[in-house]
Amino acid sequence: MKRTLRIFCLALTACLSACESSDGIFSRLPAYFVMENVLQAPVLYTSVQSMGEFCTIRATGNKYEFASPTQKTPSYVNATQLSSMSGFYMGLSGFIVGLPHIPEMGHDQSRVVCYDLACSNCYHTYNVTKRMTLQEGGYTHCTSCNRTYNLNDMGLITKGEAGKPLIRYRATYAGHTLVINNR
């Protein structure tokens with residue numbers, strides 16, 4: 001009886017701690033974006049298909065812009081084409097989306113990740129959104145606080161003062177459809 005109870009308690013503790021760590025990496029900020037055919041935006045398609053490639057997604061007027069430091073020409077998609085789905089929440093400043101070189105712990109293959117385009121430390125410290133600059137090799141840099149984040153390593157800081165990792169959102173990519181959903 002005691003042994004069964006001990007095993008049950010250990011299993012329950014493992015389940016609860018697994019849930020905490022999984023939920024702790026994703027922000028609770030509202031984010032919602034759906035693109036059913038990523039082939040419409042070649043820059044985005046490259047980022048979700050090629051390991052180590054990342055792109056930014058920003059709303060610019062009546063278009064969505066998909067830009068990458070490795071591709072000279074951004075892709076644009078008309079906002080009315082996408083907005084027929086429902087409202088969009090572009091996080092604080094837009095998104096950084098891509099496929100990391102290395103799978104996260106607990107996974108045997110890399111999955112598409114999504115971070116906010118705003119610097120998490122400037123936002124949490126000063127409550128301002130400072131848009132970062134995407135760099136080649138899977139890094140992004142904030143010129144305001146001078147931190148560099150590694151997109152291939154869960155958005156952790158690689159250069160600069162210690163602080164919080166990038167703000168991360170839930171993202172899935174399947175069948176040429178990208179869904180960013182933090183609701």
# chains A, B, ... in the order shown; residues from 1 in each chain; ligands from 1

call {"tool": "select_by_dssp", "arguments": {"residues": "range 83-133 of chain A", "states": "helix (DSSP H, G or I)", "output": "number ranges by chain"}}
result
A: 120-126

call {"tool": "residues_around", "arguments": {"residues": "Glu36 in chain A", "least_positions_apart": "5", "cutoff": "8 Å", "atoms": "only C-alpha atoms", "output": "PyMOL selection string"}}
result
chain A and resi 176-178

call {"tool": "select_by_dssp", "arguments": {"residues": "chain A", "states": "strand (DSSP E)", "output": "ChimeraX atom specification"}}
result
/A:32-35,53-60,63-68,71-78,95-99,113-116,133-135,139-142,147-150,156-159,168-169,171-174,177-181

call {"tool": "closest_residue", "arguments": {"among": "A:Ala79, A:Met132, A:Ala31, A:Leu156", "to": "Thr56 in chain A", "atoms": "only C-alpha atoms"}}
result
A:Met132

call {"tool": "closest_residue", "arguments": {"among": "A:Leu117, A:Leu134, A:Met51, A:Val128", "to": "Pro103 in chain A", "atoms": "only C-alpha atoms"}}
result
A:Met51

call {"tool": "residues_around", "arguments": {"residues": "Arg28 in chain A", "least_positions_apart": "6", "cutoff": "12 Å", "atoms": "only C-alpha atoms", "output": "PyMOL selection string"}}
result
chain A and resi 91-92+116+167-170+181-183

call {"tool": "closest_residue", "arguments": {"among": "A:Ile25, A:Thr60, A:Arg111, A:Thr143", "to": "Gly155 in chain A", "atoms": "only C-alpha atoms"}}
result
A:Ile25

call {"tool": "closest_residue", "arguments": {"among": "A:Ser144, A:Asn152, A:Thr80, A:Ser110", "to": "Arg131 in chain A", "atoms": "only C-alpha atoms"}}
result
A:Ser144

call {"tool": "closest_residue", "arguments": {"among": "A:His141, A:Phe95, A:Glu65, A:Pro74", "to": "Tyr32 in chain A", "atoms": "only C-alpha atoms"}}
result
A:Phe95

call {"tool": "residues_around", "arguments": {"residues": "Leu39 in chain A", "least_positions_apart": "2", "cutoff": "12 Å", "atoms": "only C-alpha atoms", "output": "list in words"}}
result
Met35, Glu36, Asn37, Ala41, Pro42, Val43, Leu44, Tyr45, Thr46, Ser47, Val48, Gln49, Phe66, Ser75, Tyr76, Val77, Gly175, His176, Thr177 and Leu178 of chain A

call {"tool": "residues_around", "arguments": {"residues": "Val113 in chain A", "least_positions_apart": "3", "cutoff": "6 Å", "atoms": "only C-alpha atoms", "output": "count of residues only"}}
result
3
